[in-house]
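Asker: Following this line is structure23.tsv, made up of TSV, C-alpha atoms:
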```tsv
chain	number	residue	atom	x	y	z
Z	18	MET	CA	152.25	-32.16	-12.26
Z	19	THR	CA	152.82	-35.75	-13.38
Z	20	PRO	CA	152.50	-38.22	-10.47
Z	21	VAL	CA	155.61	-40.29	-9.68
Z	22	ALA	CA	155.08	-44.02	-9.50
Z	23	PRO	CA	156.16	-45.81	-6.31
Z	24	PRO	CA	159.65	-47.44	-6.49
Z	25	THR	CA	158.21	-50.98	-6.60
Z	26	VAL	CA	155.99	-50.11	-9.56
Z	27	GLN	CA	158.93	-48.49	-11.35
Z	28	GLU	CA	161.07	-51.58	-10.81
Z	29	ILE	CA	158.36	-53.89	-12.13
Z	30	ASP	CA	157.81	-51.62	-15.12
Z	31	GLU	CA	161.54	-51.69	-15.95
Z	32	LEU	CA	161.46	-55.47	-16.02
Z	33	GLN	CA	158.68	-55.56	-18.57
Z	34	SER	CA	159.67	-56.41	-22.11
Z	35	ARG	CA	159.25	-53.53	-24.55
Z	36	HIS	CA	158.70	-56.06	-27.33
Z	37	PRO	CA	155.97	-58.62	-28.02
Z	38	VAL	CA	156.38	-61.99	-26.32
Z	39	GLY	CA	155.27	-63.91	-29.39
Z	40	LEU	CA	152.05	-65.33	-30.74
Z	41	LEU	CA	152.87	-69.03	-30.96
Z	42	SER	CA	152.72	-71.77	-28.36
Z	43	ARG	CA	155.79	-73.90	-27.76
Z	44	ALA	CA	154.14	-76.81	-29.55
Z	45	GLU	CA	153.44	-74.66	-32.62
Z	46	LYS	CA	156.97	-73.26	-32.65
Z	47	ASP	CA	158.32	-76.79	-32.49
Z	48	ARG	CA	156.13	-77.74	-35.47
Z	49	ARG	CA	157.32	-74.75	-37.48
Z	50	ILE	CA	160.96	-75.59	-36.78
Z	51	GLU	CA	160.48	-79.25	-37.64
Z	52	ARG	CA	158.68	-78.44	-40.89
Z	53	GLY	CA	161.38	-75.93	-41.82
Z	54	ILE	CA	164.21	-78.38	-41.16
Z	55	THR	CA	162.42	-81.17	-43.02
Z	56	GLY	CA	161.93	-78.91	-46.04
Z	57	LEU	CA	165.57	-77.83	-45.78
Z	58	TYR	CA	166.67	-81.48	-45.67
Z	59	ARG	CA	164.68	-82.30	-48.82
Z	60	TRP	CA	166.25	-79.36	-50.63
Z	61	TYR	CA	169.70	-80.31	-49.32
Z	62	ILE	CA	169.55	-83.95	-50.40
Z	63	ASP	CA	168.44	-82.91	-53.90
Z	64	ARG	CA	171.40	-80.53	-54.23
Z	65	SER	CA	173.83	-82.98	-52.70
Z	66	GLN	CA	172.96	-85.84	-55.02
Z	67	SER	CA	172.87	-83.67	-58.15
Z	68	THR	CA	175.98	-81.53	-57.62
Z	69	ARG	CA	178.33	-83.17	-55.09
Z	70	ASN	CA	178.35	-86.92	-55.69
Z	71	TRP	CA	182.00	-87.94	-55.77
Z	72	ASN	CA	183.98	-91.06	-54.95
Z	73	PRO	CA	187.09	-90.79	-52.75
Z	74	ASP	CA	188.97	-93.41	-54.78
Z	75	ARG	CA	188.05	-92.43	-58.36
Z	76	HIS	CA	187.65	-88.67	-58.11
Z	77	PHE	CA	191.38	-88.03	-57.61
Z	78	ASN	CA	194.49	-89.19	-59.49
Z	79	TRP	CA	196.16	-90.90	-56.56
Z	80	ARG	CA	199.06	-92.17	-58.67
Z	81	ALA	CA	200.04	-88.55	-59.24
Z	82	PHE	CA	199.95	-87.68	-55.52
Z	83	ARG	CA	203.34	-86.34	-54.44
Z	84	THR	CA	205.50	-88.48	-52.18
Z	85	ASP	CA	207.91	-85.71	-51.14
Z	86	HIS	CA	205.76	-83.38	-49.06
Z	87	SER	CA	207.42	-81.70	-46.12
Z	88	PRO	CA	207.26	-83.47	-42.75
Z	89	GLU	CA	205.05	-80.58	-41.57
Z	90	MET	CA	202.51	-81.15	-44.33
Z	91	ASN	CA	202.50	-84.90	-43.72
Z	92	TYR	CA	201.88	-84.26	-40.03
Z	93	ILE	CA	198.91	-82.01	-40.89
Z	94	LEU	CA	197.48	-84.66	-43.23
Z	95	GLU	CA	197.82	-87.26	-40.49
Z	96	GLY	CA	195.91	-84.91	-38.18
Z	97	PHE	CA	193.06	-84.54	-40.68
Z	98	PHE	CA	193.04	-88.32	-41.07
Z	99	ALA	CA	192.94	-88.78	-37.28
Z	100	VAL	CA	190.04	-86.38	-36.68
Z	101	GLU	CA	187.95	-88.11	-39.36
Z	102	GLN	CA	188.49	-91.52	-37.76
Z	103	TYR	CA	185.74	-90.66	-35.29
Z	104	VAL	CA	183.05	-90.27	-37.94
Z	105	PRO	CA	181.23	-93.39	-36.59
Z	106	ASP	CA	181.01	-91.70	-33.19
Z	107	TYR	CA	179.92	-88.36	-34.64
Z	108	VAL	CA	177.16	-89.99	-36.66
Z	109	ASN	CA	175.93	-92.46	-34.07
Z	110	LYS	CA	175.81	-90.12	-31.09
Z	111	LEU	CA	174.34	-87.16	-32.92
Z	112	LEU	CA	171.80	-89.40	-34.63
Z	113	GLN	CA	170.63	-90.74	-31.29
Z	114	LEU	CA	170.31	-87.18	-30.01
Z	115	VAL	CA	168.10	-85.97	-32.88
Z	116	ARG	CA	166.37	-89.21	-33.88
Z	117	LYS	CA	162.88	-87.90	-33.06
Z	118	SER	CA	163.28	-85.08	-35.59
Z	119	TYR	CA	162.70	-86.45	-39.09
Z	120	GLY	CA	164.57	-83.63	-40.82
Z	121	ARG	CA	167.60	-83.57	-38.53
Z	122	ALA	CA	167.84	-87.36	-38.31
Z	123	GLN	CA	167.57	-87.83	-42.08
Z	124	PHE	CA	170.18	-85.14	-42.63
Z	125	GLN	CA	172.45	-86.79	-40.07
Z	126	VAL	CA	172.37	-90.04	-42.06
Z	127	ARG	CA	173.31	-88.19	-45.25
Z	128	TRP	CA	175.93	-86.18	-43.38
Z	129	GLY	CA	177.47	-89.44	-42.26
Z	130	THR	CA	177.80	-90.75	-45.82
Z	131	GLU	CA	179.51	-87.54	-46.88
Z	132	GLU	CA	181.84	-87.54	-43.87
Z	133	GLN	CA	182.65	-91.20	-44.60
Z	134	ARG	CA	184.11	-90.25	-47.98
Z	135	HIS	CA	186.15	-87.51	-46.28
Z	136	MET	CA	187.58	-90.14	-43.96
Z	137	ASP	CA	188.48	-92.35	-46.94
Z	138	ALA	CA	190.01	-89.45	-48.88
Z	139	TRP	CA	192.22	-88.31	-45.99
Z	140	GLN	CA	193.30	-91.90	-45.42
Z	141	ASN	CA	194.31	-92.05	-49.08
Z	142	THR	CA	196.45	-88.91	-48.70
Z	143	VAL	CA	198.37	-90.58	-45.89
Z	144	LEU	CA	198.62	-93.87	-47.76
Z	145	PHE	CA	199.70	-92.48	-51.15
Z	146	SER	CA	202.17	-90.03	-49.61
Z	147	ARG	CA	204.18	-93.13	-48.66
Z	148	TYR	CA	205.46	-91.16	-45.69
Z	149	ARG	CA	204.25	-93.95	-43.39
Z	150	SER	CA	204.15	-97.67	-43.91
Z	151	VAL	CA	200.86	-99.50	-44.32
Z	152	GLU	CA	201.56	-101.25	-41.01
Z	153	TRP	CA	202.03	-97.90	-39.23
Z	154	ILE	CA	198.77	-96.57	-40.67
Z	155	GLU	CA	196.82	-99.64	-39.54
Z	156	GLU	CA	198.33	-99.53	-36.05
Z	157	TYR	CA	197.60	-95.81	-35.76
Z	158	LYS	CA	194.04	-96.33	-36.93
Z	159	GLU	CA	193.53	-99.06	-34.34
Z	160	ALA	CA	194.99	-96.86	-31.59
Z	161	LEU	CA	192.68	-94.01	-32.56
Z	162	ARG	CA	189.60	-96.21	-32.59
Z	163	ASN	CA	190.38	-97.59	-29.16
Z	164	ASN	CA	189.21	-94.19	-27.95
Z	165	GLU	CA	185.67	-92.94	-28.27
Z	166	TRP	CA	184.51	-89.42	-29.00
Z	167	PRO	CA	182.12	-88.13	-26.30
Z	168	LEU	CA	179.34	-85.64	-26.92
Z	169	PRO	CA	180.41	-82.23	-25.59
Z	170	TRP	CA	176.75	-81.57	-24.69
Z	171	ASP	CA	173.85	-83.97	-24.33
Z	172	ASP	CA	171.07	-81.80	-25.78
Z	173	ALA	CA	170.20	-81.13	-29.41
Z	174	LEU	CA	170.23	-77.32	-29.16
Z	175	HIS	CA	173.79	-77.07	-27.83
Z	176	MET	CA	174.95	-79.61	-30.39
Z	177	LEU	CA	173.34	-77.65	-33.21
Z	178	PHE	CA	175.51	-74.66	-32.37
Z	179	TYR	CA	178.54	-76.88	-31.77
Z	180	THR	CA	178.23	-78.44	-35.23
Z	181	LEU	CA	177.61	-75.00	-36.74
Z	182	ILE	CA	180.95	-73.74	-35.41
Z	183	GLN	CA	182.80	-77.01	-35.99
Z	184	GLU	CA	181.74	-77.33	-39.65
Z	185	ARG	CA	182.80	-73.76	-40.36
Z	186	ALA	CA	186.13	-74.35	-38.61
Z	187	THR	CA	186.71	-77.56	-40.57
Z	188	GLN	CA	185.95	-75.79	-43.84
Z	189	ILE	CA	188.53	-73.09	-43.00
Z	190	ASN	CA	191.12	-75.76	-42.13
Z	191	TYR	CA	190.74	-77.41	-45.52
Z	192	LEU	CA	190.60	-74.19	-47.54
Z	193	ASN	CA	193.84	-72.99	-45.95
Z	194	ALA	CA	195.47	-76.38	-46.57
Z	195	ALA	CA	194.34	-76.04	-50.20
Z	196	ALA	CA	196.18	-72.71	-50.37
Z	197	ILE	CA	199.41	-74.47	-49.38
Z	198	ALA	CA	198.81	-77.25	-51.90
Z	199	GLY	CA	198.08	-74.62	-54.54
Z	200	GLY	CA	201.45	-72.95	-53.97
Z	201	LYS	CA	199.91	-69.79	-52.53
Z	202	VAL	CA	201.72	-69.89	-49.17
Z	203	THR	CA	205.24	-68.49	-48.73
Z	204	ILE	CA	206.09	-70.09	-45.38
Z	205	SER	CA	209.50	-71.68	-45.85
Z	206	GLU	CA	208.57	-75.08	-44.42
Z	207	HIS	CA	205.76	-75.39	-46.97
Z	208	GLY	CA	207.43	-73.79	-49.97
Z	209	GLY	CA	207.73	-77.14	-51.74
Z	210	ASP	CA	204.32	-78.55	-50.82
Z	211	ALA	CA	202.43	-77.55	-53.97
Z	212	ASP	CA	200.43	-80.55	-55.20
Z	213	PRO	CA	197.48	-80.31	-57.63
Z	214	VAL	CA	196.00	-83.60	-56.40
Z	215	LEU	CA	196.12	-82.55	-52.76
Z	216	GLU	CA	194.69	-79.15	-53.67
Z	217	LYS	CA	191.73	-80.85	-55.36
Z	218	VAL	CA	191.20	-83.10	-52.33
Z	219	CYS	CA	191.15	-80.12	-49.97
Z	220	ILE	CA	188.80	-78.03	-52.11
Z	221	THR	CA	186.43	-80.94	-52.76
Z	222	ILE	CA	186.10	-81.75	-49.07
Z	223	ALA	CA	185.87	-78.06	-48.11
Z	224	THR	CA	182.94	-77.72	-50.54
Z	225	ASP	CA	181.12	-80.48	-48.68
Z	226	GLU	CA	181.88	-78.79	-45.37
Z	227	ALA	CA	180.48	-75.51	-46.71
Z	228	ALA	CA	177.24	-77.30	-47.60
Z	229	HIS	CA	177.09	-78.87	-44.13
Z	230	TYR	CA	177.68	-75.47	-42.55
Z	231	ASN	CA	174.86	-73.99	-44.62
Z	232	PHE	CA	172.43	-76.64	-43.34
Z	233	PHE	CA	173.39	-75.98	-39.72
Z	234	ASN	CA	173.32	-72.22	-40.34
Z	235	GLU	CA	169.75	-72.34	-41.65
Z	236	SER	CA	168.73	-74.62	-38.77
Z	237	ALA	CA	170.34	-72.25	-36.27
Z	238	ARG	CA	168.42	-69.33	-37.78
Z	239	LEU	CA	165.17	-71.22	-37.30
Z	240	MET	CA	166.01	-71.88	-33.65
Z	241	PHE	CA	167.06	-68.27	-33.09
Z	242	TYR	CA	163.91	-67.02	-34.76
Z	243	TYR	CA	161.45	-69.05	-32.71
Z	244	TYR	CA	163.51	-69.50	-29.49
Z	245	PRO	CA	165.88	-66.53	-29.22
Z	246	SER	CA	166.55	-66.71	-25.47
Z	247	ASP	CA	167.17	-70.46	-25.39
Z	248	SER	CA	169.38	-70.11	-28.46
Z	249	VAL	CA	171.40	-67.27	-26.96
Z	250	ASP	CA	172.06	-69.26	-23.79
Z	251	ALA	CA	173.16	-72.33	-25.74
Z	252	LEU	CA	175.33	-70.42	-28.21
Z	253	VAL	CA	177.12	-68.46	-25.48
Z	254	ASP	CA	177.82	-71.72	-23.65
Z	255	VAL	CA	179.21	-73.35	-26.79
Z	256	MET	CA	181.36	-70.32	-27.63
Z	257	LYS	CA	182.87	-70.34	-24.15
Z	258	HIS	CA	183.79	-74.04	-24.16
Z	259	PHE	CA	184.23	-74.95	-27.83
Z	260	ALA	CA	187.06	-77.31	-28.78
Z	261	MET	CA	187.61	-79.18	-32.04
Z	262	PRO	CA	186.65	-82.88	-31.87
Z	263	GLY	CA	189.55	-85.11	-30.93
Z	264	VAL	CA	191.40	-82.64	-28.75
Z	265	ASP	CA	191.27	-84.96	-25.72
Z	266	ILE	CA	191.51	-88.34	-27.46
Z	267	ILE	CA	193.97	-87.99	-30.37
Z	268	PRO	CA	197.61	-88.54	-29.37
Z	269	ASN	CA	199.76	-85.39	-29.68
Z	270	PHE	CA	196.78	-83.30	-30.78
Z	271	GLY	CA	198.45	-80.21	-29.33
Z	272	ARG	CA	201.39	-80.62	-31.69
Z	273	PHE	CA	198.99	-80.98	-34.63
Z	274	GLN	CA	197.33	-77.71	-33.62
Z	275	GLU	CA	200.73	-76.01	-33.41
Z	276	LYS	CA	201.65	-77.21	-36.91
Z	277	CYS	CA	198.31	-75.93	-38.25
Z	278	ALA	CA	198.71	-72.56	-36.56
Z	279	HIS	CA	202.29	-72.10	-37.83
Z	280	ALA	CA	201.27	-73.00	-41.38
Z	281	GLY	CA	198.29	-70.64	-41.28
Z	282	VAL	CA	195.88	-73.56	-41.62
Z	283	PHE	CA	194.03	-72.83	-38.40
Z	284	GLY	CA	194.65	-70.98	-35.16
Z	285	PRO	CA	193.12	-68.50	-32.69
Z	286	ARG	CA	192.96	-65.67	-35.22
Z	287	ALA	CA	191.18	-67.82	-37.81
Z	288	TYR	CA	188.80	-69.11	-35.13
Z	289	ALA	CA	187.89	-65.60	-34.00
Z	290	GLY	CA	187.62	-63.97	-37.42
Z	291	ASP	CA	186.86	-66.63	-40.02
Z	292	VAL	CA	184.72	-68.84	-37.80
Z	293	LEU	CA	183.00	-67.05	-34.91
Z	294	GLN	CA	182.61	-63.66	-36.57
Z	295	VAL	CA	181.18	-65.23	-39.72
Z	296	ALA	CA	178.90	-67.61	-37.82
Z	297	LEU	CA	177.50	-64.83	-35.63
Z	298	SER	CA	177.00	-62.55	-38.62
Z	299	ASN	CA	175.15	-65.26	-40.55
Z	300	ILE	CA	172.63	-65.74	-37.77
Z	301	HIS	CA	172.32	-61.95	-37.51
Z	302	VAL	CA	173.98	-61.45	-34.15
Z	303	ARG	CA	175.22	-57.88	-34.33
Z	304	ALA	CA	178.53	-58.12	-32.43
Z	305	SER	CA	180.10	-60.04	-29.58
Z	306	LYS	CA	179.78	-57.15	-27.09
Z	307	ALA	CA	176.16	-56.53	-28.02
Z	308	PHE	CA	175.61	-60.26	-27.86
Z	309	SER	CA	176.86	-60.46	-24.27
Z	310	TYR	CA	174.82	-57.38	-23.37
Z	311	GLY	CA	171.72	-58.97	-24.85
Z	312	VAL	CA	172.25	-62.07	-22.76
Z	313	LYS	CA	172.26	-60.01	-19.60
Z	314	ARG	CA	169.14	-58.11	-20.67
Z	315	SER	CA	167.10	-61.16	-21.68
Z	316	ARG	CA	163.79	-61.79	-19.97
Z	317	ARG	CA	161.31	-64.64	-20.09
Z	318	VAL	CA	157.60	-64.19	-19.38
Z	319	PRO	CA	154.76	-66.71	-19.01
Z	320	ASP	CA	151.85	-66.96	-21.41
Z	321	PRO	CA	148.27	-67.74	-20.26
Z	322	ASP	CA	149.03	-71.48	-20.47
Z	323	GLY	CA	152.01	-71.18	-18.15
Z	324	ASN	CA	154.60	-71.70	-20.88
Z	325	MET	CA	157.65	-69.48	-20.68
Z	326	ARG	CA	157.92	-67.31	-23.76
Z	327	ASP	CA	161.01	-65.58	-25.03
Z	328	THR	CA	161.42	-61.84	-25.14
Z	329	ALA	CA	163.44	-60.83	-28.18
Z	330	LEU	CA	167.05	-59.86	-27.52
Z	331	PHE	CA	167.04	-56.89	-29.85
Z	332	GLU	CA	170.18	-55.39	-28.37
Z	333	ALA	CA	172.12	-58.39	-29.65
Z	334	VAL	CA	170.14	-59.83	-32.56
Z	335	ASP	CA	169.01	-58.06	-35.72
Z	336	TYR	CA	165.62	-59.72	-35.52
Z	337	PRO	CA	164.07	-58.14	-38.65
Z	338	ALA	CA	167.04	-59.34	-40.72
Z	339	LEU	CA	166.73	-62.75	-39.11
Z	340	GLU	CA	163.07	-62.92	-40.05
Z	341	GLN	CA	163.88	-62.04	-43.65
Z	342	ALA	CA	166.47	-64.83	-43.75
Z	343	VAL	CA	163.92	-67.34	-42.42
Z	344	LYS	CA	161.43	-66.15	-45.04
Z	345	ARG	CA	164.02	-66.65	-47.79
Z	346	LEU	CA	164.61	-70.19	-46.56
Z	347	HIS	CA	160.90	-70.91	-46.83
Z	348	GLU	CA	160.84	-69.41	-50.32
Z	349	ARG	CA	163.63	-71.77	-51.34
Z	350	ILE	CA	161.77	-74.71	-49.80
Z	351	ALA	CA	158.54	-73.68	-51.54
Z	352	GLU	CA	160.28	-73.52	-54.91
Z	353	HIS	CA	161.70	-77.01	-54.42
Z	354	GLU	CA	158.33	-78.37	-53.26
Z	355	GLN	CA	156.68	-76.85	-56.33
Z	356	GLU	CA	159.16	-78.66	-58.59
Z	357	ILE	CA	158.68	-82.02	-56.86
Z	358	GLY	CA	154.93	-81.80	-56.17
Z	359	TYR	CA	155.02	-81.57	-52.38
Z	360	SER	CA	153.26	-78.22	-52.68
Z	361	GLU	CA	150.12	-80.04	-53.80
Z	362	VAL	CA	149.99	-82.53	-50.94
Z	363	ASP	CA	152.19	-81.35	-48.05
Z	364	PRO	CA	153.37	-77.73	-48.46
Z	365	THR	CA	155.73	-76.01	-46.05
Z	366	TYR	CA	154.84	-72.41	-45.26
Z	367	PHE	CA	156.24	-69.63	-43.15
Z	368	VAL	CA	154.50	-68.68	-39.89
Z	369	PRO	CA	155.67	-65.47	-38.14
Z	370	SER	CA	156.84	-65.82	-34.55
Z	371	GLY	CA	155.19	-62.55	-33.55
Z	372	LEU	CA	158.44	-61.30	-32.01
Z	373	ASN	CA	159.48	-58.90	-34.74
Z	374	PRO	CA	159.26	-55.37	-33.29
Z	375	GLN	CA	158.82	-53.77	-36.70
```
Translate the structure described by the file into structure tokens.
Answerer:
Amino acid sequence: MTPVAPPTVQEIDELQSRHPVGLLSRAEKDRRIERGITGLYRWYIDRSQSTRNWNPDRHFNWRAFRTDHSPEMNYILEGFFAVEQYVPDYVNKLLQLVRKSYGRAQFQVRWGTEEQRHMDAWQNTVLFSRYRSVEWIEEYKEALRNNEWPLPWDDALHMLFYTLIQERATQINYLNAAAIAGGKVTISEHGGDADPVLEKVCITIATDEAAHYNFFNESARLMFYYYPSDSVDALVDVMKHFAMPGVDIIPNFGRFQEKCAHAGVFGPRAYAGDVLQVALSNIHVRASKAFSYGVKRSRRVPDPDGNMRDTALFEAVDYPALEQAVKRLHERIAEHEQEIGYSEVDPTYFVPSGLNPQ
């Protein structure tokens, strides 16, 4: 007859993780993340400069920009213009938050230069539409900049997931606006809003946003891979409280959101399906219900040095798939470093976390 363990022993046994707690110290995990993001930044800047260098004034035929868009479309363009007016705040505050990380800080500087041209391009759409006077535009710009965008969270991990979601949401906004400008939307208010110049503006900027999203997606995978519990906590928090930048500081932002939702540019359905579902899938979170379940089941245990180590949240995260994605990132970095010569002096290499149950 098999002896039955006392209730206290059973309870303790149930609390034990059934998966390895990892092989790396916190300091080593931090080094692996930093090296990965630095390698990713080097790859990113190479791609950005070789494939996406464009000028907001010369890249588009502004003289051919239509001046008879619907009031609804002009209102949406003014909203895009307004959100981008806070680029100085986005850059400055995020840069201060990540300044100790070479890879994230360097990327943030480049991100700012690319967002700057978005700001100029959206300003040109408002200017060349001739829907508003130059004086109105300048007064509106001044009113916008009298406000200051605050950081939704004051730590780098939360803001990584915030920017991940925000960049994906922005990309979807611009792609759906491009569909209107391309004549692919049948909503009556926008039936006459086809404009090849505006379509090109939307697609060009959306392409940048897709590249930004990819950087944050790869960074988020690194964080999830080496710090799954911390990442889960931060991501859940961001998902619960996410709001697009400007919601509390741009005048009549609610009306702008209504116009976007009615036009199919962006709304709750797009946020749930095209943004959150895609973002979670790309970091290999299985599903929202499993995700919540995994949060409840998470455990943290101390290593011999007293550092708290993460237990993998395998109910929520497809950790083997996540590891393969992180390996592919390192393969991409290694290929780039081989081309440049970094592989001979300062190579980046993959180090397993030790959490993979397979």
Asker: Report as a list in words all protein, DNA and RNA residues lying within 9 Å of Z:Met176, evaluated on all atoms listed in the file, omitting residues in the same chain fewer than 4 positions from it.
Answerer: Leu111, Leu114, Leu168, Pro169, Trp170, Asp171, Asp172, Thr180, Leu181, Ala251 and Val255 of chain Z
Asker: Near Z:His86, counting all atoms listed in the file, which residues have an atom at most 8 Å away, once you skip same-chain residues fewer than 4 positions from it, shown as JSON, numbers by chain?
Answerer: {"Z": [90, 91, 146, 209, 210]}
Asker: With C-alpha atoms retained, could you export that selection as a JSON list (two decimals), in the frame of the given file?
Answerer:
```json
[["chain", "number", "residue", "atom", "x", "y", "z"],
["Z", 90, "MET", "CA", 202.51, -81.15, -44.33],
["Z", 91, "ASN", "CA", 202.50, -84.90, -43.72],
["Z", 146, "SER", "CA", 202.17, -90.03, -49.61],
["Z", 209, "GLY", "CA", 207.73, -77.14, -51.74],
["Z", 210, "ASP", "CA", 204.32, -78.55, -50.82]]
```
Asker: When you count only C-alpha atoms, which of these residues is closest to Z:His279: Z:Asn231, Z:Thr203, Z:Asn299, Z:Thr130?
Answerer: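 Closest to Z:His279, using only C-alpha atoms: Z:Thr203.
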Asker: For stretch 335-349 of chain Z, work out the shell of residues within 7 Å, counting only C-alpha atoms and skipping chain neighbours fewer than 4 positions away, then give it as a compact mmCIF listing (two decimals) with C-alpha atoms, in the frame of the given file.
Answerer:
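Contents of out.txt, freshly written:
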```txt
# COMPACT_ATOMS: atom_id res chain seq x y z
CA ARG Z 238 168.42 -69.33 -37.78
CA LEU Z 239 165.17 -71.22 -37.30
CA TYR Z 242 163.91 -67.02 -34.76
CA ILE Z 300 172.63 -65.74 -37.77
CA HIS Z 301 172.32 -61.95 -37.51
CA VAL Z 302 173.98 -61.45 -34.15
CA ARG Z 303 175.22 -57.88 -34.33
CA PHE Z 331 167.04 -56.89 -29.85
CA HIS Z 353 161.70 -77.01 -54.42
CA TYR Z 366 154.84 -72.41 -45.26
CA PHE Z 367 156.24 -69.63 -43.15
CA ASN Z 373 159.48 -58.90 -34.74
```
Asker: Identify, on the basis of only C-alpha atoms, every residue whose closest approach to stretch 137-140 of chain Z does not exceed 8 Å; exclude the query and any residue fewer than 2 positions from it along the same chain; express the result as a list of chain:residue names.
Answerer: Z:Pro73, Z:Asp74, Z:Leu94, Z:Glu95, Z:Phe97, Z:Phe98, Z:Glu101, Z:Gln133, Z:Arg134, Z:His135, Z:Thr142, Z:Val143, Z:Leu144, Z:Val218
Asker: Given the choices Z:Asn141, Z:Asn109, Z:Gln274, Z:Thr84, which gets closest to Z:Trp128 if the distance is worked out from all atoms listed in the file?
Answerer: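 Using all atoms listed in the file, Z:Trp128 sits closest to Z:Asn109.
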Asker: Which distance in Å separates atom CA of Z:Ala186 and atom CA of Z:Glu235, to one decimal?
Answerer: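 Between these atoms lies a distance of 16.8 Å.
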Asker: Please provide as a ChimeraX atom specification all residues within 10 Å of Z:Phe77, with the sequence filter that same-chain residues fewer than 2 positions apart are discarded (counting all atoms listed in the file).
Answerer: /Z:71-75,79-82,138,141,213-215,217-218,221
Asker: How many Å separate atom CA of Z:Thr187 from atom CA of Z:Val115?
Answerer: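 Straight-line distance from atom CA of Z:Thr187 to atom CA of Z:Val115 works out to 21.8 Å.
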Asker: Could you give me, as a PyMOL selection string, the residues that have an atom at most 9 Å away from the point (186.8, -94.6, -25.9) in the coordinates of the file, using all atoms listed in the file?
Answerer: chain Z and resi 161-167+266
Asker: Keeping only C-alpha atoms, write those residues as a CSV table (one decimal), in the coordinates of the input.
Answerer:
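Once written, again.csv looks like this:
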```csv
chain,number,residue,atom,x,y,z
Z,161,LEU,CA,192.7,-94.0,-32.6
Z,162,ARG,CA,189.6,-96.2,-32.6
Z,163,ASN,CA,190.4,-97.6,-29.2
Z,164,ASN,CA,189.2,-94.2,-28.0
Z,165,GLU,CA,185.7,-92.9,-28.3
Z,166,TRP,CA,184.5,-89.4,-29.0
Z,167,PRO,CA,182.1,-88.1,-26.3
Z,266,ILE,CA,191.5,-88.3,-27.5
```
Asker: Between atom CA of Z:Phe273 and atom CA of Z:Gly96, what is the distance, to one decimal in Å?
Answerer: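 According to the coordinates, atom CA of Z:Phe273 and atom CA of Z:Gly96 are separated by 6.1 Å.
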Asker: Around all of stretch 235-244 of chain Z's listed atoms, make the axis-aligned box with 3 Å on each side and tell me centre and edge lengths in Å to one decimal, as AutoDock Vina command-line options.
Answerer:
```
--center_x 165.9 --center_y -70.8 --center_z -35.6 --size_x 14.9 --size_y 13.6 --size_z 18.2
```
Asker: Can you work out which one of Z:Tyr148, Z:Tyr244, Z:Tyr288, Z:Tyr230 has the shortest atom-to-atom distance to Z:Glu89, counting only C-alpha atoms?
Answerer: Z:Tyr148
Asker: Rank Z:Lys276, Z:Leu57, Z:Gly263, Z:Tyr243 by their smallest atom-to-atom distance to Z:Ala44, using only C-alpha atoms, and report the top residue only.
Answerer: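 Residue with the minimum atom-to-atom distance to Z:Ala44: Z:Tyr243.
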Asker: Out of Z:Ala351, Z:Tyr179, Z:Ala227, Z:Lys158, which residue has the shortest atom-to-atom distance to Z:Lys257 when counting all atoms listed in the file?
Answerer: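 Of all the options, Z:Tyr179 lies closest to Z:Lys257.
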Asker: Would you please work out which residue, of Z:Ala228, Z:Leu112, Z:Val334, Z:Val295, is nearest to Z:Trp60 when using only C-alpha atoms?
Answerer: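 Checking each candidate against Z:Trp60, we get Z:Ala228 as the closest.
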Asker: Assuming the input is short of atoms at stretch 339-348 of chain Z, produce N, CA and C atoms for that part as a CSV table (one decimal), keeping the file's coordinate frame.
Answerer:
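What follows is the written file rebuild-v2.csv:
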```csv
chain,number,residue,atom,x,y,z
Z,339,LEU,N,166.9,-61.3,-39.4
Z,339,LEU,CA,166.7,-62.8,-39.1
Z,339,LEU,C,165.4,-63.3,-39.7
Z,340,GLU,N,164.4,-62.5,-39.5
Z,340,GLU,CA,163.1,-62.9,-40.0
Z,340,GLU,C,163.1,-63.0,-41.6
Z,341,GLN,N,163.8,-62.0,-42.2
Z,341,GLN,CA,163.9,-62.0,-43.6
Z,341,GLN,C,164.7,-63.3,-44.1
Z,342,ALA,N,165.7,-63.6,-43.4
Z,342,ALA,CA,166.5,-64.8,-43.8
Z,342,ALA,C,165.6,-66.1,-43.6
Z,343,VAL,N,164.8,-66.2,-42.6
Z,343,VAL,CA,163.9,-67.3,-42.4
Z,343,VAL,C,162.9,-67.4,-43.5
Z,344,LYS,N,162.4,-66.2,-43.9
Z,344,LYS,CA,161.4,-66.2,-45.0
Z,344,LYS,C,162.1,-66.6,-46.3
Z,345,ARG,N,163.3,-66.2,-46.6
Z,345,ARG,CA,164.0,-66.6,-47.8
Z,345,ARG,C,164.2,-68.2,-47.8
Z,346,LEU,N,164.5,-68.7,-46.6
Z,346,LEU,CA,164.6,-70.2,-46.6
Z,346,LEU,C,163.3,-70.8,-47.0
Z,347,HIS,N,162.2,-70.3,-46.5
Z,347,HIS,CA,160.9,-70.9,-46.8
Z,347,HIS,C,160.6,-70.7,-48.3
Z,348,GLU,N,161.0,-69.6,-48.9
Z,348,GLU,CA,160.8,-69.4,-50.3
Z,348,GLU,C,161.6,-70.5,-51.1
```
